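What follows is the content of run.cif, which has mmCIF, C-alpha atoms:
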data_my_file
#
loop_
_atom_site.label_atom_id
_atom_site.label_comp_id
_atom_site.auth_asym_id
_atom_site.auth_seq_id
_atom_site.Cartn_x
_atom_site.Cartn_y
_atom_site.Cartn_z
CA MET A 174 98.54 143.19 140.73
CA ALA A 175 94.89 142.27 141.17
CA SER A 176 92.41 144.73 142.62
CA LYS A 177 91.61 144.78 146.32
CA GLU A 178 88.04 143.73 145.49
CA LEU A 179 89.23 140.72 143.52
CA THR A 180 91.62 139.70 146.29
CA GLU A 181 88.87 140.01 148.90
CA SER A 182 86.51 137.92 146.75
CA ALA A 183 89.13 135.19 146.44
CA GLU A 184 89.63 135.24 150.22
CA LEU A 185 85.88 134.84 150.78
CA LEU A 186 85.63 131.97 148.31
CA ALA A 187 88.66 130.29 149.93
CA GLN A 188 87.15 130.70 153.38
CA GLY A 189 83.99 128.99 152.14
CA VAL A 190 86.03 126.04 150.86
CA CYS A 191 87.77 125.77 154.24
CA GLU A 192 84.38 125.62 155.96
CA VAL A 193 82.76 123.15 153.54
CA PHE A 194 85.73 120.77 153.46
CA ALA A 195 86.83 121.44 157.10
CA VAL A 196 90.40 122.24 156.04
CA ASP A 197 93.00 124.92 156.64
CA TYR A 198 95.41 126.68 154.27
CA THR A 199 98.10 123.99 154.27
CA LEU A 200 99.31 121.21 152.01
CA ASP A 201 97.29 118.78 154.14
CA GLY A 202 94.21 120.91 153.47
CA VAL A 203 94.84 120.89 149.73
CA LYS A 204 95.30 117.11 149.83
CA ALA A 205 92.05 116.68 151.77
CA VAL A 206 90.10 118.73 149.19
CA GLU A 207 91.69 116.70 146.40
CA GLN A 208 90.77 113.42 148.11
CA GLN A 209 87.15 114.50 148.60
CA ILE A 210 86.84 115.49 144.96
CA ASN A 211 88.37 112.19 143.84
CA LYS A 212 85.95 110.27 146.09
CA ASN A 213 83.06 112.08 144.41
CA ARG A 214 84.65 112.31 140.96
CA LYS A 215 81.61 111.02 139.03
CA ARG A 216 79.47 113.82 140.45
CA TYR A 217 82.02 116.47 139.48
CA GLU A 218 82.55 115.02 136.00
CA GLN A 219 78.78 115.11 135.35
CA MET A 220 78.47 118.80 136.19
CA THR A 221 77.69 121.26 133.45
CA ASP A 222 80.51 123.51 132.26
CA GLN A 223 79.02 126.41 134.23
CA GLU A 224 78.85 124.34 137.41
CA LYS A 225 82.46 123.23 136.94
CA ARG A 226 83.48 126.84 136.35
CA ASN A 227 81.77 127.91 139.60
CA VAL A 228 83.44 125.12 141.57
CA SER A 229 86.81 125.88 139.95
CA TYR A 230 86.51 129.54 141.03
CA LYS A 231 85.95 128.46 144.62
CA ILE A 232 88.55 125.71 144.87
CA GLY A 233 90.99 127.59 142.64
CA SER A 234 90.67 130.62 144.92
CA TYR A 235 91.38 128.38 147.90
CA LEU A 236 94.44 126.92 146.14
CA GLY A 237 95.64 130.42 145.24
CA VAL A 238 95.15 131.73 148.78
CA CYS A 239 97.16 128.77 150.09
CA MET A 240 100.01 129.78 147.76
CA ILE A 241 99.73 133.40 148.84
CA ARG A 242 99.73 132.63 152.56
CA ASN A 243 102.45 129.99 152.47
CA TYR A 244 104.70 131.10 149.61
CA GLY A 245 104.40 134.89 149.76
CA ALA A 246 102.73 135.05 146.34
CA VAL A 247 100.20 137.65 145.15
CA TRP A 248 97.17 137.61 142.85
CA GLU A 249 97.81 139.19 139.47
CA LYS A 250 95.82 139.70 136.31
CA HIS A 251 97.67 138.03 133.45
CA GLU A 252 96.95 137.74 129.72
CA MET A 253 96.21 134.02 130.28
CA GLY A 254 93.80 134.69 133.17
CA LEU A 255 93.91 135.33 136.88
CA ALA A 256 97.25 134.18 138.21
CA VAL A 257 99.18 133.79 141.41
CA LYS A 258 102.55 135.45 140.97
CA LEU A 259 105.47 134.00 142.87
CA GLY A 260 108.63 135.87 141.99
CA LYS A 261 108.61 135.90 138.20
CA THR A 262 106.55 132.73 137.92
CA HIS A 263 102.82 132.77 137.25
CA ALA A 264 100.64 129.87 138.40
CA PHE A 265 97.01 129.54 137.34
CA PRO A 266 95.11 127.73 140.10
CA LEU A 267 91.62 128.38 138.70
CA GLN A 268 92.56 126.82 135.35
CA LYS A 269 94.29 123.92 137.11
CA VAL A 270 91.19 123.15 139.15
CA MET A 271 88.99 123.36 136.04
CA LYS A 272 91.26 120.80 134.40
CA PHE A 273 91.21 118.69 137.59
CA LEU A 274 87.41 118.58 137.52
CA GLY A 275 87.37 117.34 133.92
CA LYS A 276 87.09 113.86 132.47
CA ASP A 277 90.77 112.98 132.89
CA GLY A 278 91.19 115.11 136.01
CA VAL A 279 92.09 112.17 138.20
CA TYR A 280 95.51 112.43 136.54
CA ASP A 281 95.84 116.15 137.37
CA SER A 282 96.77 116.48 141.02
CA ILE A 283 96.10 119.88 142.57
CA SER A 284 98.25 119.01 145.59
CA SER A 285 101.21 118.29 143.31
CA PHE A 286 100.51 121.56 141.50
CA TYR A 287 100.58 123.37 144.85
CA GLU A 288 103.84 121.75 145.91
CA PHE A 289 105.47 122.13 142.51
CA ALA A 290 104.68 125.85 142.16
CA LEU A 291 107.31 126.77 144.73
CA ARG A 292 109.87 124.43 143.19
CA PHE A 293 109.08 125.75 139.71
CA GLU A 294 109.91 129.27 140.83
CA GLU A 295 113.26 127.97 142.12
CA LEU A 296 113.88 126.19 138.80
CA SER A 297 112.90 129.26 136.78
CA LYS A 298 115.78 131.13 138.36
CA THR A 299 118.08 128.67 136.59
CA GLY A 300 116.37 129.27 133.22
CA ILE A 301 114.43 126.00 133.19
CA GLY A 302 110.81 126.25 132.07
CA SER A 303 108.68 127.30 129.16
CA SER A 304 105.38 128.95 128.47
CA GLN A 305 104.74 127.07 125.22
CA SER A 306 102.81 123.83 124.88
CA LYS A 307 101.43 122.01 121.85
CA SER A 308 98.16 121.42 123.73
CA GLY A 309 97.65 125.07 124.69
CA PRO A 310 98.77 127.35 127.51
CA VAL A 311 100.62 125.82 130.40
CA ILE A 312 99.41 126.08 133.96
CA ILE A 313 102.65 127.61 135.20
CA ASP A 314 104.34 130.28 133.08
CA THR A 315 107.88 131.57 133.55
CA SER A 316 108.31 133.07 130.09
CA SER A 317 109.05 136.54 131.43
CA GLU A 318 112.38 135.29 132.76
CA LEU A 319 113.42 133.15 129.83
CA LYS A 320 115.57 134.43 127.01
CA LYS A 321 114.22 134.00 123.50
CA LYS A 322 116.50 131.85 121.35
CA PRO A 323 116.25 129.58 118.32
CA TRP A 324 114.89 126.12 119.14
CA TRP A 325 118.03 124.39 117.88
CA LYS A 326 120.13 126.12 120.54
CA PHE A 327 118.29 124.38 123.38
CA TRP A 328 121.55 123.52 125.18
CA ARG A 329 122.44 127.20 125.77
#
Re-express the file's structure as structure tokens.
Amino acid sequence: MASKELTESAELLAQGVCEVFAVDYTLDGVKAVEQQINKNRKRYEQMTDQEKRNVSYKIGSYLGVCMIRNYGAVWEKHEMGLAVKLGKTHAFPLQKVMKFLGKDGVYDSISSFYEFALRFEELSKTGIGSSQSKSGPVIIDTSSELKKKPWWKFWR
């Protein structure tokens, strides 16, 4: 579990996002933030890496706090970075927002990520999911619940 200080910092960053974008901690709020970023996409894409990182901390914290308030999740330090833990599923909202702010970010919906996180936890209970990706770490990781097996036995 993340420290109290880290949790409080995320809450403060999320509160700032709510004030700047005039949103609340709901799916509609997440969609409104996403729409504003997409309307101003060129500005976000032209930011330096450090500026994008700062924005991703703020908006990622907001996204994480939405998951915590609405899904009963908690912040947790994870080997892949700061995560929101929902059951045995780990979601990485800061990394998702960083990806969303990138060149091809218009194809990476943060509102879909928010909605899917809850469904992914439900699916992980059935053994569906993976933490491996050819392009690097995934944004949602359920590997702790999956059994390790040879790749050719995918049907089991």
Evaluate the PyMOL selection byres ((chain A and resi 195-202) around 10) and record the selected residues as a PDB file with C-alpha atoms, keeping the file's coordinate frame, following the chain and residue labels used in the document.
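Okay, result30.pdb is ready:
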ATOM      1  CA  ALA A 187      88.660 130.290 149.930  1.00  0.00           C
ATOM      2  CA  GLN A 188      87.150 130.700 153.380  1.00  0.00           C
ATOM      3  CA  GLY A 189      83.990 128.990 152.140  1.00  0.00           C
ATOM      4  CA  VAL A 190      86.030 126.040 150.860  1.00  0.00           C
ATOM      5  CA  CYS A 191      87.770 125.770 154.240  1.00  0.00           C
ATOM      6  CA  GLU A 192      84.380 125.620 155.960  1.00  0.00           C
ATOM      7  CA  VAL A 193      82.760 123.150 153.540  1.00  0.00           C
ATOM      8  CA  PHE A 194      85.730 120.770 153.460  1.00  0.00           C
ATOM      9  CA  VAL A 203      94.840 120.890 149.730  1.00  0.00           C
ATOM     10  CA  LYS A 204      95.300 117.110 149.830  1.00  0.00           C
ATOM     11  CA  ALA A 205      92.050 116.680 151.770  1.00  0.00           C
ATOM     12  CA  VAL A 206      90.100 118.730 149.190  1.00  0.00           C
ATOM     13  CA  GLU A 207      91.690 116.700 146.400  1.00  0.00           C
ATOM     14  CA  GLN A 208      90.770 113.420 148.110  1.00  0.00           C
ATOM     15  CA  TYR A 235      91.380 128.380 147.900  1.00  0.00           C
ATOM     16  CA  LEU A 236      94.440 126.920 146.140  1.00  0.00           C
ATOM     17  CA  GLY A 237      95.640 130.420 145.240  1.00  0.00           C
ATOM     18  CA  VAL A 238      95.150 131.730 148.780  1.00  0.00           C
ATOM     19  CA  CYS A 239      97.160 128.770 150.090  1.00  0.00           C
ATOM     20  CA  MET A 240     100.010 129.780 147.760  1.00  0.00           C
ATOM     21  CA  ILE A 241      99.730 133.400 148.840  1.00  0.00           C
ATOM     22  CA  ARG A 242      99.730 132.630 152.560  1.00  0.00           C
ATOM     23  CA  ASN A 243     102.450 129.990 152.470  1.00  0.00           C
ATOM     24  CA  SER A 284      98.250 119.010 145.590  1.00  0.00           C
ATOM     25  CA  SER A 285     101.210 118.290 143.310  1.00  0.00           C
ATOM     26  CA  TYR A 287     100.580 123.370 144.850  1.00  0.00           C
ATOM     27  CA  GLU A 288     103.840 121.750 145.910  1.00  0.00           C
TER      28      GLU A 288
END
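Using only C-alpha atoms, the nearest neighbour of Ile210 (chain A) within the list A:Glu252, A:Phe265, A:Ala246, A:Ile232 is A:Ile232.
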Between A:Lys231, A:Lys276, A:Ala290, A:Gly245, which residue has the minimum interatomic distance to Gln219 (chain A), considering all atoms listed in the file?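 Distance minimum relative to Gln219 (chain A) lands on A:Lys276.
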Residue list as a list in words for point (99.3, 130.0, 137.2), cut-off 10 Å, only C-alpha atoms: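 I get Gly237, Trp248, Glu249, His251, Met253, Gly254, Leu255, Ala256, Val257, Lys258, Leu259, Thr262, His263, Ala264, Phe265, Pro266, Leu267, Gln268, Lys269, Phe286, Ala290, Val311, Ile312, Ile313, Asp314 and Thr315 of chain A for the residues within 10 Å of that point.
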Could you tell me which of A:Asn227, A:Ser176, A:Asn211, A:Ser182 comes closest to Ser282 (chain A) if we count all atoms listed in the file? A:Asn211
Minimum-distance residue to Arg226 (chain A), chosen among A:Leu291, A:Val279, A:Ala175, A:Val270 (using only C-alpha atoms): A:Val270
From A:Asp222, A:Asn213, A:Lys261, A:Tyr244, residue lying nearest Phe289 (chain A) [all atoms listed in the file]: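 Using all atoms listed in the file, the shortest distance to Phe289 (chain A) belongs to A:Tyr244.
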In Å, with one decimal, what is the gap from CA of Ala183 (chain A) to CA of Gln223 (chain A)?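 Those two atoms sit 18.1 Å apart.
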Hits of the PyMOL selection byres ((chain A and resi 218) around 7) in this structure, as an NGL selection string: :A and (214-217 or 219-220 or 274-276)
Dump as a PDB file, keeping the file's coordinate frame, selection limited to C-alpha atoms:
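New file part31.pdb:
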ATOM      1  CA  ARG A 214      84.650 112.310 140.960  1.00  0.00           C
ATOM      2  CA  LYS A 215      81.610 111.020 139.030  1.00  0.00           C
ATOM      3  CA  ARG A 216      79.470 113.820 140.450  1.00  0.00           C
ATOM      4  CA  TYR A 217      82.020 116.470 139.480  1.00  0.00           C
ATOM      5  CA  GLN A 219      78.780 115.110 135.350  1.00  0.00           C
ATOM      6  CA  MET A 220      78.470 118.800 136.190  1.00  0.00           C
ATOM      7  CA  LEU A 274      87.410 118.580 137.520  1.00  0.00           C
ATOM      8  CA  GLY A 275      87.370 117.340 133.920  1.00  0.00           C
ATOM      9  CA  LYS A 276      87.090 113.860 132.470  1.00  0.00           C
TER      10      LYS A 276
END
Restricting the calculation to only C-alpha atoms, which member of A:Tyr230, A:Gln209, A:Gly260, A:Lys177 is positioned closest to Phe293 (chain A)? A:Gly260
Two-atom distance - CA of Arg292 (chain A), CA of Tyr280 (chain A) (Å): 19.9 Å
Length of the CA of Val247 (chain A) to CA of Lys225 (chain A) vector [Å]: 24.3 Å
